[in-house]
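Data block below; observations after.
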Amino acid sequence: KNDLETGRVLQKIDFDRNYFAEGACVLNGNLYVLTWQENKCFVYDIKTFKYLGELWNPTEGWGLTTDGTSLIMTDGSAVLYFLDPMTFTVQKKVAVTLNGKPVQYLNELEYINGEVWANVYGDDSIVIINPQTGKVRGVVDCRNLLPRSLRNANTDVLNGIACNPLDKSLYLTGKNWPKLYKIELVKQ
């Protein structure tokens, strides 16, 4: 947990170096933290960060969000996996397409106003997906969000989407980015 105004860390979970923590979301008071290649999803109490257990993930974990009922996960493919939050078993799979073609490398996810937002790994864009059909209804162009002057050898890809449910503010960032950006969408 961070203070948005100052960036100060308020509470954190330290993971063993054997794990690459990737996606995370909160559902029913539980914090779910997905690992990339370690086939685990750790579960914590969101208020106390107390460890509650872990769930088995048979594939890679790239992104995780929730629609309020199911966990929704990506594994770097063009598929959204809808998972039971108690067992992590697949309830359904939805193939994601843009103009009839699969959208590969779906990564970080956020569920916003009934739609799944996903960044496309290695591309400075976010696709907005209908979770029932998998069809992309819009693309958010994030090129130049992080100016070249703030990029260095450690700066990686766009990989952070968040929506404040109280005021619907949208936030974007990336791996090892020095800034978090509050954005507004502008139609072009």
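FYI, nothing fancy with the structure tokens labels: chains A, B, ... in order, residues from 1 per chain, ligands from 1 as they appear.
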Going by DSSP on the backbone, which bits of range 5-77 of chain A are strand (DSSP E)? Write them as a ChimeraX atom specification, please.
-> /A:21-27,30-35,40-45,51-56,63-66,71-74
Can you write out the residues you just picked, keeping C-alpha atoms, as a PDB file, in the first residue's frame?
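The resulting file, selection_32.pdb, is reproduced below:
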```pdb
ATOM      1  CA  ALA A  21       5.231 -11.529  -8.234  1.00  0.00           C
ATOM      2  CA  GLU A  22       3.284 -10.431 -11.294  1.00  0.00           C
ATOM      3  CA  GLY A  23      -0.447  -9.569 -11.115  1.00  0.00           C
ATOM      4  CA  ALA A  24      -2.565  -8.753  -8.080  1.00  0.00           C
ATOM      5  CA  CYS A  25      -6.165  -7.920  -7.234  1.00  0.00           C
ATOM      6  CA  VAL A  26      -8.565  -7.760  -4.297  1.00  0.00           C
ATOM      7  CA  LEU A  27     -11.780  -9.779  -4.046  1.00  0.00           C
ATOM      8  CA  ASN A  30      -8.587 -11.113   0.005  1.00  0.00           C
ATOM      9  CA  LEU A  31      -5.492  -9.953  -1.840  1.00  0.00           C
ATOM     10  CA  TYR A  32      -4.507 -12.387  -4.602  1.00  0.00           C
ATOM     11  CA  VAL A  33      -0.889 -12.150  -5.808  1.00  0.00           C
ATOM     12  CA  LEU A  34       0.008 -14.092  -8.935  1.00  0.00           C
ATOM     13  CA  THR A  35       3.486 -15.425  -9.662  1.00  0.00           C
ATOM     14  CA  LYS A  40       1.264 -20.070  -7.503  1.00  0.00           C
ATOM     15  CA  CYS A  41      -1.247 -17.472  -6.486  1.00  0.00           C
ATOM     16  CA  PHE A  42      -0.711 -16.301  -2.914  1.00  0.00           C
ATOM     17  CA  VAL A  43      -3.706 -15.178  -0.868  1.00  0.00           C
ATOM     18  CA  TYR A  44      -3.539 -12.563   1.923  1.00  0.00           C
ATOM     19  CA  ASP A  45      -6.016 -10.687   4.066  1.00  0.00           C
ATOM     20  CA  TYR A  51      -0.875 -14.889   4.685  1.00  0.00           C
ATOM     21  CA  LEU A  52      -3.975 -17.066   4.172  1.00  0.00           C
ATOM     22  CA  GLY A  53      -2.668 -19.678   1.738  1.00  0.00           C
ATOM     23  CA  GLU A  54      -1.864 -20.324  -1.881  1.00  0.00           C
ATOM     24  CA  LEU A  55      -3.621 -21.625  -4.975  1.00  0.00           C
ATOM     25  CA  TRP A  56      -2.151 -23.747  -7.787  1.00  0.00           C
ATOM     26  CA  GLY A  63      -2.016 -10.387 -15.099  1.00  0.00           C
ATOM     27  CA  LEU A  64      -4.873 -10.670 -12.626  1.00  0.00           C
ATOM     28  CA  THR A  65      -8.087  -8.756 -11.979  1.00  0.00           C
ATOM     29  CA  THR A  66     -11.642  -9.481 -10.886  1.00  0.00           C
ATOM     30  CA  LEU A  71     -10.676 -13.858 -10.860  1.00  0.00           C
ATOM     31  CA  ILE A  72      -9.627 -13.009 -14.420  1.00  0.00           C
ATOM     32  CA  MET A  73      -6.089 -13.965 -15.451  1.00  0.00           C
ATOM     33  CA  THR A  74      -3.787 -13.724 -18.450  1.00  0.00           C
TER      34      THR A  74
END
```
Considering only C-alpha atoms, return as a ChimeraX atom specification whatever protein or nucleic-acid residues lie within 10 Å of Arg143 in chain A, sequence-local ones (same chain, fewer than 2 positions apart) excluded.
-> /A:123-125,140-141,145-147,158
Write the residues you've just listed into a file as a compact mmCIF listing (two decimals), in the first residue's frame, and include N, CA and C atoms for each of them.
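Written file, out_25.txt:
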```txt
# COMPACT_ATOMS: atom_id res chain seq x y z
N ASP A 123 4.30 -3.40 -26.07
CA ASP A 123 3.65 -2.39 -26.90
C ASP A 123 3.08 -1.34 -25.95
N ASP A 124 3.21 -0.09 -26.29
CA ASP A 124 2.69 0.96 -25.43
C ASP A 124 1.21 1.21 -25.70
N SER A 125 0.42 0.14 -25.59
CA SER A 125 -1.02 0.29 -25.79
C SER A 125 -1.77 -0.58 -24.79
N VAL A 140 -6.10 2.17 -26.22
CA VAL A 140 -5.55 3.39 -25.62
C VAL A 140 -4.08 3.47 -26.01
N ASP A 141 -3.74 4.53 -26.73
CA ASP A 141 -2.36 4.75 -27.19
C ASP A 141 -1.57 5.42 -26.06
N LEU A 145 3.97 8.29 -23.06
CA LEU A 145 3.50 8.57 -21.70
C LEU A 145 4.70 8.81 -20.78
N LEU A 146 5.66 7.92 -20.85
CA LEU A 146 6.90 8.12 -20.10
C LEU A 146 7.90 8.76 -21.06
N PRO A 147 8.26 10.02 -20.82
CA PRO A 147 9.17 10.70 -21.75
C PRO A 147 10.56 10.04 -21.79
N LEU A 158 5.45 -0.62 -20.21
CA LEU A 158 4.17 -0.22 -19.65
C LEU A 158 3.55 -1.46 -19.03
```
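Note that the spacing between CA of Thr89 in chain A and CA of Ile13 in chain A amounts to 25.2 Å.
Of the residues under consideration (A:Asn144, A:Gln37, A:Asn113, A:Asn119), A:Asn113 shows the shortest atom-to-atom contact distance to Pro165 in chain A when counting only C-alpha atoms.
Of the listed residues (A:Ala162, A:Val116, A:Leu150, A:Val127), A:Val127 comes nearest to Gln104 in chain A; the distances count only C-alpha atoms.
The space separating CA of Lys179 in chain A from CA of Ile126 in chain A comes to 17.9 Å.
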Hey, which of A:Leu172, A:Val103, A:Leu80, A:Val186 ends up closest to Val136 in chain A? Count only C-alpha atoms.
-> A:Val103
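Rounded to one decimal, CA of Tyr105 in chain A and CA of Trp36 in chain A lie 13.4 Å from each other.
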Can you pull out every residue within 10 Å of Asn130 in chain A, counting only C-alpha atoms, but drop anything in the same chain fewer than 3 positions away, and send it as a VMD selection string?
-> chain A and resid 94 96 to 97 114 to 117 127 133 to 138
Can you spit out the residues from that selection as a PDB file, in the first residue's frame, using N, CA, C and O atoms?
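Contents of the output file part_27.pdb:
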```pdb
ATOM      1  N   VAL A  94     -11.953 -16.988 -22.614  1.00  0.00           N
ATOM      2  CA  VAL A  94     -12.451 -16.088 -23.654  1.00  0.00           C
ATOM      3  C   VAL A  94     -11.259 -15.659 -24.508  1.00  0.00           C
ATOM      4  O   VAL A  94     -10.285 -15.104 -23.975  1.00  0.00           O
ATOM      5  N   VAL A  96      -9.393 -13.257 -27.011  1.00  0.00           N
ATOM      6  CA  VAL A  96      -9.443 -11.818 -27.256  1.00  0.00           C
ATOM      7  C   VAL A  96      -9.015 -11.527 -28.688  1.00  0.00           C
ATOM      8  O   VAL A  96      -7.960 -11.981 -29.132  1.00  0.00           O
ATOM      9  N   THR A  97      -9.860 -10.749 -29.396  1.00  0.00           N
ATOM     10  CA  THR A  97      -9.583 -10.417 -30.795  1.00  0.00           C
ATOM     11  C   THR A  97      -9.782  -8.933 -31.051  1.00  0.00           C
ATOM     12  O   THR A  97     -10.612  -8.277 -30.421  1.00  0.00           O
ATOM     13  N   GLY A 114     -17.202  -2.658 -16.205  1.00  0.00           N
ATOM     14  CA  GLY A 114     -17.716  -3.821 -16.923  1.00  0.00           C
ATOM     15  C   GLY A 114     -16.861  -4.296 -18.074  1.00  0.00           C
ATOM     16  O   GLY A 114     -17.277  -5.182 -18.829  1.00  0.00           O
ATOM     17  N   GLU A 115     -15.662  -3.732 -18.214  1.00  0.00           N
ATOM     18  CA  GLU A 115     -14.761  -4.130 -19.302  1.00  0.00           C
ATOM     19  C   GLU A 115     -13.394  -4.483 -18.721  1.00  0.00           C
ATOM     20  O   GLU A 115     -13.020  -4.004 -17.659  1.00  0.00           O
ATOM     21  N   VAL A 116     -12.660  -5.310 -19.442  1.00  0.00           N
ATOM     22  CA  VAL A 116     -11.303  -5.668 -19.032  1.00  0.00           C
ATOM     23  C   VAL A 116     -10.325  -4.812 -19.827  1.00  0.00           C
ATOM     24  O   VAL A 116     -10.363  -4.800 -21.052  1.00  0.00           O
ATOM     25  N   TRP A 117      -9.473  -4.108 -19.115  1.00  0.00           N
ATOM     26  CA  TRP A 117      -8.401  -3.347 -19.729  1.00  0.00           C
ATOM     27  C   TRP A 117      -7.133  -4.180 -19.600  1.00  0.00           C
ATOM     28  O   TRP A 117      -6.831  -4.690 -18.512  1.00  0.00           O
ATOM     29  N   VAL A 127      -5.615  -2.442 -24.504  1.00  0.00           N
ATOM     30  CA  VAL A 127      -6.840  -2.806 -25.211  1.00  0.00           C
ATOM     31  C   VAL A 127      -7.981  -2.886 -24.200  1.00  0.00           C
ATOM     32  O   VAL A 127      -7.796  -3.325 -23.074  1.00  0.00           O
ATOM     33  N   THR A 133     -17.494 -11.404 -24.975  1.00  0.00           N
ATOM     34  CA  THR A 133     -17.191 -11.781 -26.364  1.00  0.00           C
ATOM     35  C   THR A 133     -15.701 -11.854 -26.655  1.00  0.00           C
ATOM     36  O   THR A 133     -15.294 -12.490 -27.623  1.00  0.00           O
ATOM     37  N   GLY A 134     -14.881 -11.157 -25.858  1.00  0.00           N
ATOM     38  CA  GLY A 134     -13.451 -11.081 -26.120  1.00  0.00           C
ATOM     39  C   GLY A 134     -13.079 -10.047 -27.170  1.00  0.00           C
ATOM     40  O   GLY A 134     -11.901  -9.841 -27.449  1.00  0.00           O
ATOM     41  N   LYS A 135     -14.063  -9.388 -27.747  1.00  0.00           N
ATOM     42  CA  LYS A 135     -13.777  -8.388 -28.778  1.00  0.00           C
ATOM     43  C   LYS A 135     -13.251  -7.100 -28.152  1.00  0.00           C
ATOM     44  O   LYS A 135     -13.777  -6.609 -27.146  1.00  0.00           O
ATOM     45  N   VAL A 136     -12.205  -6.559 -28.773  1.00  0.00           N
ATOM     46  CA  VAL A 136     -11.624  -5.294 -28.342  1.00  0.00           C
ATOM     47  C   VAL A 136     -12.488  -4.164 -28.883  1.00  0.00           C
ATOM     48  O   VAL A 136     -12.728  -4.088 -30.088  1.00  0.00           O
ATOM     49  N   ARG A 137     -12.961  -3.298 -28.013  1.00  0.00           N
ATOM     50  CA  ARG A 137     -13.798  -2.179 -28.453  1.00  0.00           C
ATOM     51  C   ARG A 137     -13.032  -0.867 -28.539  1.00  0.00           C
ATOM     52  O   ARG A 137     -13.510   0.113 -29.069  1.00  0.00           O
ATOM     53  N   GLY A 138     -11.801  -0.874 -28.029  1.00  0.00           N
ATOM     54  CA  GLY A 138     -11.002   0.334 -28.098  1.00  0.00           C
ATOM     55  C   GLY A 138      -9.556   0.060 -27.742  1.00  0.00           C
ATOM     56  O   GLY A 138      -9.246  -0.949 -27.101  1.00  0.00           O
TER      57      GLY A 138
END
```
Can you list, as a list in words, every protein, DNA or RNA residue that comes within 10 Å of Gln91 in chain A when you count only C-alpha atoms, leaving out same-chain residues fewer than 6 positions away?
-> Ser70, Leu71, Ile72, Tyr81, Phe82, Leu83 and Asp84 of chain A
Please write the residues from the selection above to a file, keeping C-alpha atoms, as a PDB file, in the first residue's frame.
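Written output follows (part21.pdb):
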```pdb
ATOM      1  CA  SER A  70     -14.388 -14.462 -10.676  1.00  0.00           C
ATOM      2  CA  LEU A  71     -10.676 -13.858 -10.860  1.00  0.00           C
ATOM      3  CA  ILE A  72      -9.627 -13.009 -14.420  1.00  0.00           C
ATOM      4  CA  TYR A  81      -9.115 -17.115 -17.990  1.00  0.00           C
ATOM      5  CA  PHE A  82     -12.060 -16.747 -15.608  1.00  0.00           C
ATOM      6  CA  LEU A  83     -11.154 -18.559 -12.381  1.00  0.00           C
ATOM      7  CA  ASP A  84     -12.929 -19.652  -9.229  1.00  0.00           C
TER       8      ASP A  84
END
```
Please provide as a list of chain:residue names all residues within 10 Å of Lys12 in chain A, with the sequence filter that same-chain residues fewer than 5 positions apart are discarded (counting only C-alpha atoms).
-> A:Lys1, A:Asn2, A:Phe49
